[in-house]
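Asker: Enclosed is the structure file start-v2.cif (mmCIF, C-alpha atoms).
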```
data_my_file
#
loop_
_atom_site.label_atom_id
_atom_site.label_comp_id
_atom_site.auth_asym_id
_atom_site.auth_seq_id
_atom_site.Cartn_x
_atom_site.Cartn_y
_atom_site.Cartn_z
CA MET A 1 -27.43 112.14 43.58
CA ILE A 2 -24.87 112.89 46.29
CA LYS A 3 -26.50 113.96 49.55
CA SER A 4 -24.85 116.15 52.18
CA GLY A 5 -25.21 115.33 55.85
CA LEU A 6 -27.20 117.95 57.75
CA ASP A 7 -25.36 117.21 61.00
CA GLY A 8 -21.93 117.92 59.60
CA SER A 9 -21.30 114.29 58.66
CA LYS A 10 -19.76 113.36 55.35
CA ALA A 11 -21.91 113.40 52.26
CA SER A 12 -23.22 110.07 51.03
CA VAL A 13 -23.56 108.58 47.59
CA PRO A 14 -26.24 106.10 46.54
CA VAL A 15 -25.52 102.50 47.46
CA ASP A 16 -25.52 101.53 43.79
CA PHE A 17 -23.23 104.38 42.71
CA ASP A 18 -20.89 103.03 40.04
CA TRP A 19 -17.42 104.21 41.00
CA GLN A 20 -15.83 102.35 38.09
CA ALA A 21 -18.11 104.16 35.63
CA ALA A 22 -17.07 107.48 37.18
CA LEU A 23 -13.39 106.59 36.83
CA GLN A 24 -13.98 105.43 33.26
CA LEU A 25 -15.63 108.75 32.43
CA GLY A 26 -12.60 110.58 33.78
CA GLU A 27 -10.32 108.42 31.63
CA GLU A 28 -12.42 108.95 28.49
CA HIS A 29 -12.18 112.72 28.92
CA GLN A 30 -8.54 112.60 30.11
CA VAL A 31 -9.38 114.40 33.33
CA SER A 32 -8.49 111.49 35.60
CA SER A 33 -5.82 113.50 37.44
CA LEU A 34 -8.31 116.23 38.31
CA LEU A 35 -10.86 113.64 39.42
CA ASP A 36 -8.19 111.82 41.46
CA TYR A 37 -7.05 114.96 43.25
CA GLY A 38 -10.63 115.95 43.99
CA LEU A 39 -11.69 112.60 45.39
CA LEU A 40 -8.51 112.03 47.40
CA HIS A 41 -8.61 115.45 49.05
CA THR A 42 -12.32 115.91 49.60
CA GLU A 43 -13.71 115.92 53.11
CA GLU A 44 -17.26 115.87 51.80
CA LEU A 45 -17.37 112.29 50.50
CA THR A 46 -16.58 108.85 51.79
CA VAL A 47 -14.56 107.20 49.05
CA PRO A 48 -14.19 103.39 49.25
CA GLN A 49 -10.66 102.23 50.08
CA GLU A 50 -10.29 100.17 46.91
CA VAL A 51 -11.24 103.22 44.85
CA LYS A 52 -8.64 105.30 46.71
CA GLY A 53 -6.01 102.74 45.72
CA THR A 54 -6.94 103.14 42.07
CA LEU A 55 -6.85 106.92 42.37
CA GLU A 56 -3.38 106.88 43.96
CA ASN A 57 -2.02 104.58 41.22
CA GLN A 58 -3.45 106.82 38.51
CA LEU A 59 -1.94 109.90 40.10
CA TYR A 60 1.47 108.23 40.36
CA THR A 61 1.34 107.34 36.65
CA ALA A 62 0.27 110.89 35.75
CA TYR A 63 3.03 112.38 37.91
CA THR A 64 5.68 110.15 36.32
CA LEU A 65 4.57 110.96 32.75
CA ASP A 66 4.46 114.65 33.64
CA LEU A 67 8.09 114.54 34.81
CA TYR A 68 9.17 112.94 31.51
CA GLN A 69 7.22 115.48 29.48
CA LYS A 70 8.47 118.52 31.40
CA GLY A 71 12.01 117.20 31.03
CA ALA A 72 11.50 116.83 27.29
CA ILE A 73 10.06 120.36 27.00
CA GLU A 74 13.07 121.82 28.81
CA HIS A 75 15.55 119.73 26.81
CA ILE A 76 14.06 120.43 23.37
CA SER A 77 13.74 124.14 24.10
CA GLY A 78 17.34 124.27 25.28
CA VAL A 79 18.64 122.50 22.18
CA PHE A 80 16.56 124.71 19.87
CA ASN A 81 17.69 127.90 21.62
CA ARG A 82 21.37 126.93 21.48
CA ASN A 83 21.06 126.16 17.79
CA GLY A 84 19.01 129.17 16.70
CA ILE A 85 15.74 127.31 15.99
CA ARG A 86 12.74 129.61 16.30
CA HIS A 87 9.92 127.72 18.08
CA MET A 88 6.78 128.12 20.15
CA PHE A 89 5.11 125.56 22.40
CA LEU A 90 1.37 125.08 21.85
CA LYS A 91 -1.71 123.50 23.49
CA GLY A 92 -0.99 121.21 26.45
CA SER A 93 2.73 122.03 26.43
CA VAL A 94 1.70 125.51 27.61
CA LEU A 95 -1.55 124.81 29.42
CA LYS A 96 -0.18 122.23 31.85
CA PHE A 97 1.81 125.05 33.49
CA VAL A 98 -1.38 127.09 34.00
CA TYR A 99 -3.01 124.39 36.16
CA PRO A 100 -2.31 124.40 39.93
CA LYS A 101 -0.22 121.23 39.44
CA SER A 102 1.17 120.43 36.01
CA GLU A 103 0.24 116.74 36.25
CA MET A 104 -3.42 117.75 36.50
CA ARG A 105 -3.37 118.50 32.76
CA HIS A 106 -2.98 115.27 30.78
CA MET A 107 -1.00 115.67 27.57
CA GLY A 108 -0.49 113.11 24.81
CA ASP A 109 1.85 114.98 22.45
CA LEU A 110 4.23 117.88 22.89
CA ASP A 111 3.03 120.39 20.31
CA ILE A 112 5.66 122.82 19.03
CA LEU A 113 5.38 125.33 16.20
CA VAL A 114 8.64 125.53 14.23
CA ASP A 115 10.03 127.53 11.33
CA MET A 116 10.09 125.13 8.36
CA GLU A 117 12.79 127.17 6.66
CA GLN A 118 15.02 125.45 9.23
CA ALA A 119 13.64 121.95 8.52
CA GLU A 120 16.97 120.36 7.60
CA LYS A 121 18.63 121.59 10.78
CA ILE A 122 15.60 120.57 12.89
CA THR A 123 15.72 117.05 11.44
CA ALA A 124 19.35 116.65 12.45
CA LEU A 125 18.74 117.99 15.96
CA MET A 126 15.69 115.79 16.58
CA ARG A 127 17.68 112.72 15.60
CA GLU A 128 20.59 113.80 17.80
CA MET A 129 18.12 113.99 20.72
CA GLY A 130 17.09 110.38 20.05
CA PHE A 131 13.77 110.99 18.29
CA GLU A 132 12.56 108.93 15.33
CA GLU A 133 10.46 110.48 12.60
CA GLN A 134 6.95 108.99 12.32
CA TYR A 135 5.13 110.81 9.51
CA GLN A 136 4.46 114.20 7.93
CA THR A 137 1.34 115.97 6.76
CA PRO A 138 1.04 119.45 5.22
CA HIS A 139 0.49 120.70 8.75
CA GLU A 140 2.28 118.36 11.21
CA TRP A 141 5.59 116.55 11.58
CA SER A 142 5.47 113.67 14.08
CA TRP A 143 8.42 112.35 16.12
CA CYS A 144 8.64 109.73 18.89
CA LYS A 145 11.23 108.77 21.52
CA SER A 146 11.15 105.43 23.36
CA ASP A 147 7.39 105.30 22.73
CA ILE A 148 7.00 107.63 25.75
CA ILE A 149 7.59 111.13 24.43
CA HIS A 150 5.59 112.03 21.32
CA VAL A 151 6.34 115.35 19.65
CA GLU A 152 4.18 117.06 17.03
CA LEU A 153 6.20 119.71 15.27
CA HIS A 154 3.69 122.05 13.66
CA LYS A 155 4.57 123.55 10.31
CA LEU A 156 1.47 125.71 10.62
CA PRO A 157 -0.59 126.52 13.71
CA ILE A 158 -3.81 125.37 11.99
CA ASP A 159 -4.55 122.74 9.34
CA PRO A 160 -4.61 124.57 5.97
CA ASP A 161 -7.92 122.89 5.11
CA ASN A 162 -9.57 125.14 7.72
CA ARG A 163 -9.87 128.13 5.40
CA LEU A 164 -10.92 130.94 7.74
CA PHE A 165 -8.72 129.84 10.63
CA ALA A 166 -5.67 129.18 8.45
CA ASP A 167 -5.92 132.66 6.93
CA TYR A 168 -6.10 134.23 10.38
CA TYR A 169 -2.87 132.47 11.44
CA ARG A 170 -1.02 132.89 8.15
CA ASP A 171 1.47 135.32 9.79
CA VAL A 172 1.36 133.81 13.26
CA TRP A 173 4.94 134.77 14.15
CA THR A 174 3.93 138.43 14.06
CA ARG A 175 1.55 137.68 16.96
CA THR A 176 4.24 136.11 19.16
CA ILE A 177 6.42 137.59 21.89
CA PRO A 178 9.91 136.43 23.04
CA THR A 179 9.90 134.51 26.31
CA GLY A 180 13.13 136.01 27.71
CA GLU A 181 16.76 137.01 27.15
CA LYS A 182 18.02 133.53 28.09
CA THR A 183 15.69 131.90 25.56
CA PRO A 184 16.13 134.13 22.48
CA TYR A 185 14.51 131.68 20.06
CA SER A 186 11.54 130.68 22.26
CA TYR A 187 8.32 132.52 21.55
CA ALA A 188 4.85 132.54 23.09
CA LEU A 189 1.40 133.99 22.53
CA SER A 190 -0.03 136.61 24.85
CA ASP A 191 -2.65 135.31 27.29
CA GLU A 192 -5.36 136.77 25.06
CA ASP A 193 -4.01 135.20 21.88
CA LEU A 194 -3.48 131.90 23.69
CA LEU A 195 -7.15 131.86 24.66
CA ILE A 196 -8.17 132.63 21.07
CA TYR A 197 -5.88 129.92 19.68
CA MET A 198 -7.24 127.40 22.18
CA PHE A 199 -10.77 128.23 21.14
CA VAL A 200 -9.96 127.93 17.42
CA HIS A 201 -8.39 124.51 18.02
CA PHE A 202 -11.35 123.53 20.18
CA THR A 203 -13.79 124.59 17.47
CA LYS A 204 -11.94 122.61 14.82
CA HIS A 205 -12.63 119.43 16.80
CA VAL A 206 -16.25 120.42 17.38
CA TYR A 207 -16.78 120.69 13.62
CA VAL A 208 -15.30 117.24 13.00
CA GLN A 209 -16.31 114.81 15.77
CA GLY A 210 -17.00 116.73 18.96
CA ILE A 211 -14.89 117.39 22.04
CA GLY A 212 -14.91 116.52 25.73
CA LEU A 213 -14.31 117.88 29.20
CA GLN A 214 -10.57 118.46 29.17
CA HIS A 215 -10.57 121.17 26.53
CA VAL A 216 -13.60 122.93 28.02
CA LEU A 217 -11.95 122.97 31.45
CA ASP A 218 -8.83 124.50 29.88
CA PHE A 219 -10.83 127.68 29.22
CA TRP A 220 -12.10 127.88 32.75
CA VAL A 221 -8.62 127.30 34.24
CA LEU A 222 -6.93 129.85 31.95
CA ARG A 223 -9.58 132.52 32.50
CA HIS A 224 -9.26 132.19 36.28
CA ALA A 225 -5.47 131.95 36.26
CA ARG A 226 -5.20 135.09 34.07
CA PRO A 227 -8.09 137.33 35.20
CA GLN A 228 -6.37 140.47 33.85
CA MET A 229 -6.93 139.43 30.21
CA ASP A 230 -8.24 142.06 27.80
CA MET A 231 -11.55 140.41 26.94
CA THR A 232 -12.57 143.31 24.69
CA TYR A 233 -9.71 142.34 22.39
CA VAL A 234 -10.54 138.63 22.68
CA ARG A 235 -14.17 139.15 21.75
CA ALA A 236 -13.29 141.43 18.84
CA GLU A 237 -10.93 138.79 17.41
CA LEU A 238 -13.47 136.00 17.92
CA GLN A 239 -15.99 138.13 16.07
CA LYS A 240 -13.59 138.30 13.11
CA LEU A 241 -13.39 134.51 13.21
CA ARG A 242 -17.20 134.17 13.42
CA LEU A 243 -16.80 132.37 16.75
CA LEU A 244 -18.13 134.91 19.24
CA THR A 245 -21.64 133.45 19.58
CA PHE A 246 -20.25 129.96 20.12
CA TYR A 247 -17.71 131.28 22.64
CA GLU A 248 -20.45 133.07 24.59
CA ASN A 249 -22.47 129.84 24.69
CA ILE A 250 -19.46 127.96 26.09
CA GLU A 251 -18.83 130.76 28.60
CA THR A 252 -22.46 130.64 29.73
CA MET A 253 -22.27 126.85 30.07
CA LEU A 254 -19.19 127.16 32.30
CA GLY A 255 -21.12 129.67 34.40
CA VAL A 256 -23.83 127.05 34.85
CA TRP A 257 -21.27 124.43 35.84
CA PHE A 258 -19.21 126.50 38.27
CA SER A 259 -21.14 129.64 39.25
CA ASP A 260 -24.76 128.49 39.63
CA GLU A 261 -25.94 130.45 36.60
CA GLN A 262 -29.27 129.42 35.12
CA PRO A 263 -29.07 126.85 32.30
CA ASN A 264 -30.84 127.31 29.00
CA GLU A 265 -31.64 125.03 26.08
CA VAL A 266 -28.23 125.56 24.44
CA THR A 267 -26.17 125.03 27.60
CA GLU A 268 -28.13 121.86 28.40
CA PHE A 269 -27.55 120.58 24.87
CA LEU A 270 -23.83 121.40 24.98
CA THR A 271 -23.39 119.79 28.39
CA GLN A 272 -24.99 116.54 27.30
CA LYS A 273 -23.04 116.49 24.05
CA ILE A 274 -19.68 117.16 25.71
CA PHE A 275 -20.17 114.48 28.37
CA PHE A 276 -21.43 111.97 25.78
CA ASP A 277 -18.79 112.61 23.13
CA GLY A 278 -15.60 111.99 25.13
CA LEU A 279 -12.26 113.74 24.67
CA TYR A 280 -12.22 113.89 20.88
CA GLY A 281 -15.83 113.09 20.11
CA LYS A 282 -17.56 110.00 18.79
CA LYS A 283 -16.62 108.41 15.50
CA GLN A 284 -20.26 108.33 14.46
CA ASN A 285 -20.28 112.14 14.60
CA TYR A 286 -17.74 112.08 11.81
CA ALA A 287 -20.33 110.70 9.38
CA SER A 288 -22.26 113.96 9.42
CA TYR A 289 -19.09 116.05 9.16
CA TYR A 290 -17.79 113.86 6.34
CA ALA A 291 -21.07 114.13 4.51
CA TYR A 292 -21.40 117.86 4.92
CA HIS A 293 -17.87 119.21 4.58
CA VAL A 294 -15.73 116.61 2.84
CA MET A 295 -17.81 114.92 0.18
CA SER A 296 -21.17 116.51 -0.41
CA GLY A 297 -20.25 120.05 -1.37
CA ASN A 298 -23.62 120.97 0.15
CA VAL A 299 -24.05 124.50 1.48
CA ASP A 300 -27.70 125.29 0.85
CA GLY A 301 -29.80 122.14 1.08
CA GLN A 302 -28.91 120.93 -2.40
CA LYS A 303 -28.75 117.22 -3.23
CA PRO A 304 -25.40 115.67 -2.17
CA ARG A 305 -22.86 114.78 -4.84
CA SER A 306 -23.39 111.64 -6.91
CA ARG A 307 -22.18 108.18 -5.93
CA LEU A 308 -19.82 108.28 -8.94
CA TYR A 309 -18.20 111.47 -7.64
CA ARG A 310 -17.83 110.01 -4.15
CA CYS A 311 -16.19 106.85 -5.54
CA TRP A 312 -13.84 109.00 -7.59
CA ARG A 313 -12.77 110.92 -4.49
CA ILE A 314 -12.09 107.64 -2.68
CA LEU A 315 -9.98 106.31 -5.56
CA PHE A 316 -8.17 109.61 -6.21
CA PRO A 317 -7.94 111.71 -3.01
CA ASP A 318 -6.71 115.29 -3.17
CA TYR A 319 -3.10 116.29 -2.62
CA HIS A 320 -3.43 117.03 1.13
CA SER A 321 -5.08 113.65 1.79
CA MET A 322 -2.31 111.83 -0.08
CA CYS A 323 0.52 113.54 1.82
CA ARG A 324 -0.06 111.69 5.07
CA PRO A 325 0.43 108.13 3.76
CA TYR A 326 3.05 109.31 1.25
CA PRO A 327 5.02 112.18 2.87
CA ILE A 328 7.49 112.33 -0.02
CA LEU A 329 4.75 114.28 -1.83
CA LEU A 330 5.40 117.19 0.52
CA GLN A 331 8.77 117.69 -1.15
CA LYS A 332 7.80 116.41 -4.62
CA PRO A 333 4.11 117.12 -5.36
CA VAL A 334 4.77 116.41 -9.05
CA LEU A 335 4.76 112.70 -8.12
CA LEU A 336 1.05 112.78 -7.17
CA PRO A 337 -0.21 111.00 -10.35
CA ILE A 338 2.35 108.23 -9.87
CA PHE A 339 1.15 107.63 -6.31
CA TRP A 340 -2.47 107.59 -7.48
CA VAL A 341 -1.48 104.67 -9.74
CA PHE A 342 0.50 103.02 -6.94
CA ARG A 343 -2.20 103.51 -4.29
CA PRO A 344 -4.62 100.67 -5.32
CA PHE A 345 -1.80 98.12 -4.93
CA ASP A 346 -0.79 99.66 -1.61
CA ILE A 347 -4.40 99.48 -0.39
CA LEU A 348 -4.74 95.87 -1.54
CA PHE A 349 -1.74 94.69 0.45
CA ARG A 350 -1.33 97.20 3.30
CA ARG A 351 -4.22 99.61 3.78
CA ARG A 352 -7.46 97.66 3.37
CA GLN A 353 -9.00 98.83 6.63
CA GLY A 354 -8.61 102.51 5.77
CA ILE A 355 -10.36 102.24 2.43
CA LYS A 356 -13.15 100.13 3.94
CA GLN A 357 -13.74 102.89 6.46
CA ARG A 358 -13.86 105.53 3.71
CA ILE A 359 -16.41 103.43 1.82
CA ARG A 360 -18.54 103.11 4.96
CA TYR A 361 -18.47 106.86 5.45
CA SER A 362 -19.32 107.39 1.80
CA ARG A 363 -22.48 105.31 2.23
CA LEU A 364 -23.53 107.60 5.06
CA ILE A 365 -23.62 110.67 2.83
CA THR A 366 -27.33 111.40 2.87
CA LYS A 367 -29.57 114.45 2.96
CA GLU A 368 -30.40 113.54 6.54
CA ASN A 369 -26.77 113.57 7.70
CA VAL A 370 -26.10 116.83 5.89
CA ALA A 371 -29.17 118.41 7.52
CA SER A 372 -28.17 117.00 10.92
CA GLN A 373 -24.72 118.61 10.76
CA ARG A 374 -26.15 121.95 9.68
CA ALA A 375 -28.75 121.92 12.49
CA LEU A 376 -26.16 121.01 15.14
CA LEU A 377 -23.77 123.79 14.16
CA GLN A 378 -26.51 126.40 14.02
CA LYS A 379 -27.87 125.33 17.41
CA ILE A 380 -24.58 125.83 19.23
CA GLY A 381 -23.78 129.12 17.48
CA LEU A 382 -21.35 128.07 14.74
CA ASP A 383 -21.42 129.10 11.09
CA PRO A 384 -22.28 125.93 9.12
CA GLU A 385 -20.24 127.14 6.14
CA GLU A 386 -16.96 127.36 8.07
CA PRO A 387 -14.17 126.49 8.59
#
```
Spit out the file's structure as structure tokens when you get a sec.
Answerer:
Amino acid sequence: MIKSGLDGSKASVPVDFDWQAALQLGEEHQVSSLLDYGLLHTEELTVPQEVKGTLENQLYTAYTLDLYQKGAIEHISGVFNRNGIRHMFLKGSVLKFVYPKSEMRHMGDLDILVDMEQAEKITALMREMGFEEQYQTPHEWSWCKSDIIHVELHKLPIDPDNRLFADYYRDVWTRTIPTGEKTPYSYALSDEDLLIYMFVHFTKHVYVQGIGLQHVLDFWVLRHARPQMDMTYVRAELQKLRLLTFYENIETMLGVWFSDEQPNEVTEFLTQKIFFDGLYGKKQNYASYYAYHVMSGNVDGQKPRSRLYRCWRILFPDYHSMCRPYPILLQKPVLLPIFWVFRPFDILFRRRQGIKQRIRYSRLITKENVASQRALLQKIGLDPEEP
């Protein structure tokens, strides 16, 4: 525990305080820049000199990456606007400009929603800008430049496998607003719809593996940066999405963290889970999700699907699962049976690790894991039958 000096002296930390563990935690949750700024500018703590050196190096790296990313955002938006490409920046590409300093918000990929009716033109423009195509899924289109700037062009705002959420965003462009006369093809969500979209994306990760500090802090930062938001509208929309109870639990937890509100059993559980899980959760959490949502077909305590069925799904995945390793299927779905035949040879020579992982997950499909996932979702206020 950190103790404050009663005589106005600086606060002290225990002699055995593990500074490296604290820095590692910040890295795992991708909030190192926030931690660095806090520790370098605090007058309440005595930070060891060697730790300050690490903090300064981390901040310099974050600042440099931020400059590259902001340059890429401006450049891509300019090219798209000049060439009539309708687009909208998503997630960190928007949120980093809400933080007091943009480098405080770490961002891995630039996420941009595009109009896939313009796919051929987009492909040509991305290549002209020096990007190389990485892969496609039914939902994303990945590009990379010099292994520094990673761009995820989103065909859809939400993975189509998320039934309720995908339906809500089916006509997402009708929810957007133009950003200005000088950027006629750049669109954005209102503050309220941005908050809702953030929470939907956040919830998607909670269902799968869990989620860490960065995405929770995004809500707190946005709510305080945009206090004029119409929360009646936000809550009504979250109610439609069956997310209101979960949102209120997260909101209460943030009140505990930052406003000295009283914790309860749910906020304590969420706090521990978020800190333990890291930015995108723990891989072991995926076993319960995989058992419950992907393979078991269980919605009411029934016995999970047979081992034969699970093996069949591993050997012959559905269309969406096959599109990522074989993106040609996005244009020519009729080839799916041919790639099912080709896949065992591909796995044998190129993809052994992936299939071994699927087999390991398949073995974890038990009544216990199914029950564990259901109990977790119900405890934190999520509908176990969605998304």
Asker: Find the residues near A:Leu222: any atom within 10 Å, counting all atoms listed in the file, skip ones fewer than 6 places away on the same chain, and give them as a PyMOL selection string.
Answerer: chain A and resi 95+98-99+191-192+194-195+229
Asker: Take atom CA of A:Ile122 and atom CA of A:Met107 and report the distance between them in Å, one decimal.
Answerer: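 Computing the Euclidean distance for atom CA of A:Ile122 and atom CA of A:Met107 yields 22.7 Å.
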Asker: Would you please work out which residue, of A:Arg163, A:Lys155, A:Arg175, A:Glu128, is nearest to A:His75 when using all atoms listed in the file?
Answerer: A:Glu128
Asker: Please identify every residue of stretch 163-274 of chain A that has at least one atom no farther than 7 Å from an atom of stretch 84-93 of chain A, counting only C-alpha atoms, and for each give the shortest atom pair and the distance in Å to one decimal, arranged by chain then increasing number, as a Markdown table.
Answerer:
```
| residue | atom | partner | partner_atom | distance |
| --- | --- | --- | --- | --- |
| A:Tyr185 | CA | A:Arg86 | CA | 4.6 |
| A:Ser186 | CA | A:His87 | CA | 5.4 |
| A:Tyr187 | CA | A:Met88 | CA | 4.9 |
| A:Ala188 | CA | A:Met88 | CA | 5.6 |
| A:Met198 | CA | A:Lys91 | CA | 6.9 |
```
Asker: Just the residues within 9 Å of A:Lys379, please, counting all atoms listed in the file, with nothing from its chain fewer than 5 positions along; format it as a PDB file with C-alpha atoms, in the frame of the given file.
Answerer:
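Written file, result-v5.pdb:
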```
ATOM      1  CA  VAL A 266     -28.230 125.560  24.440  1.00  0.00           C
ATOM      2  CA  PHE A 269     -27.550 120.580  24.870  1.00  0.00           C
ATOM      3  CA  ARG A 374     -26.150 121.950   9.680  1.00  0.00           C
TER       4      ARG A 374
END
```
Asker: Dump as a list in words all residues having an atom at most 9 Å from (2.7, 108.5, 26.9), computed in the file's coordinates with only C-alpha atoms.
Answerer: Leu65, Gln69, Met107, Gly108, Asp109, Asp147, Ile148, Ile149 and His150 of chain A
Asker: When the PyMOL selection byres ((chain A and resi 168) around 12) is applied to the file above, which residues end up in the set, as a list in words?
Answerer: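 Evaluating the PyMOL selection byres ((chain A and resi 168) around 12) on these coordinates yields Leu156, Pro157, Ile158, Asp159, Pro160, Asn162, Arg163, Leu164, Phe165, Ala166, Asp167, Tyr169, Arg170, Asp171, Val172, Trp173, Thr174, Arg175, Asp193, Ile196, Tyr197, Val200, Glu237, Leu238, Lys240, Leu241, Arg242 and Pro387 of chain A.
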Asker: Atom CA of A:Ser321 to atom CA of A:Gln136: how many Å, to one decimal?
Answerer: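 That distance, rounded to one decimal, is 11.4 Å.
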Asker: Run through the PyMOL selection byres ((chain A and resi 50-60) around 9) on the given coordinates and return the selected residues as a list in words.
Answerer: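 Given this file, the PyMOL selection byres ((chain A and resi 50-60) around 9) evaluates to Trp19, Gln20, Leu23, Ser32, Ser33, Leu35, Asp36, Tyr37, Leu39, Leu40, Val47, Pro48, Gln49, Thr61, Ala62, Tyr63, Thr64, Leu65, Glu103 and Met104 of chain A.
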Asker: Determine the nearest neighbour of A:Leu25 from the options A:Thr267, A:Gln214, A:Ser77, A:Gln118, counting all atoms listed in the file.
Answerer: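 Going through A:Thr267, A:Gln214, A:Ser77, A:Gln118 one by one, the smallest distance to A:Leu25 is for A:Gln214.
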Asker: Pick the closest to A:Asp277 from A:Ala21, A:Val206, A:Met129, A:Ala119: which is it, counting only C-alpha atoms?
Answerer: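 Under the stated criterion, the closest residue is A:Val206.
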Asker: Atom CA of A:Ala375 and atom CA of A:Phe219 are how many Å apart?
Answerer: 25.2 Å
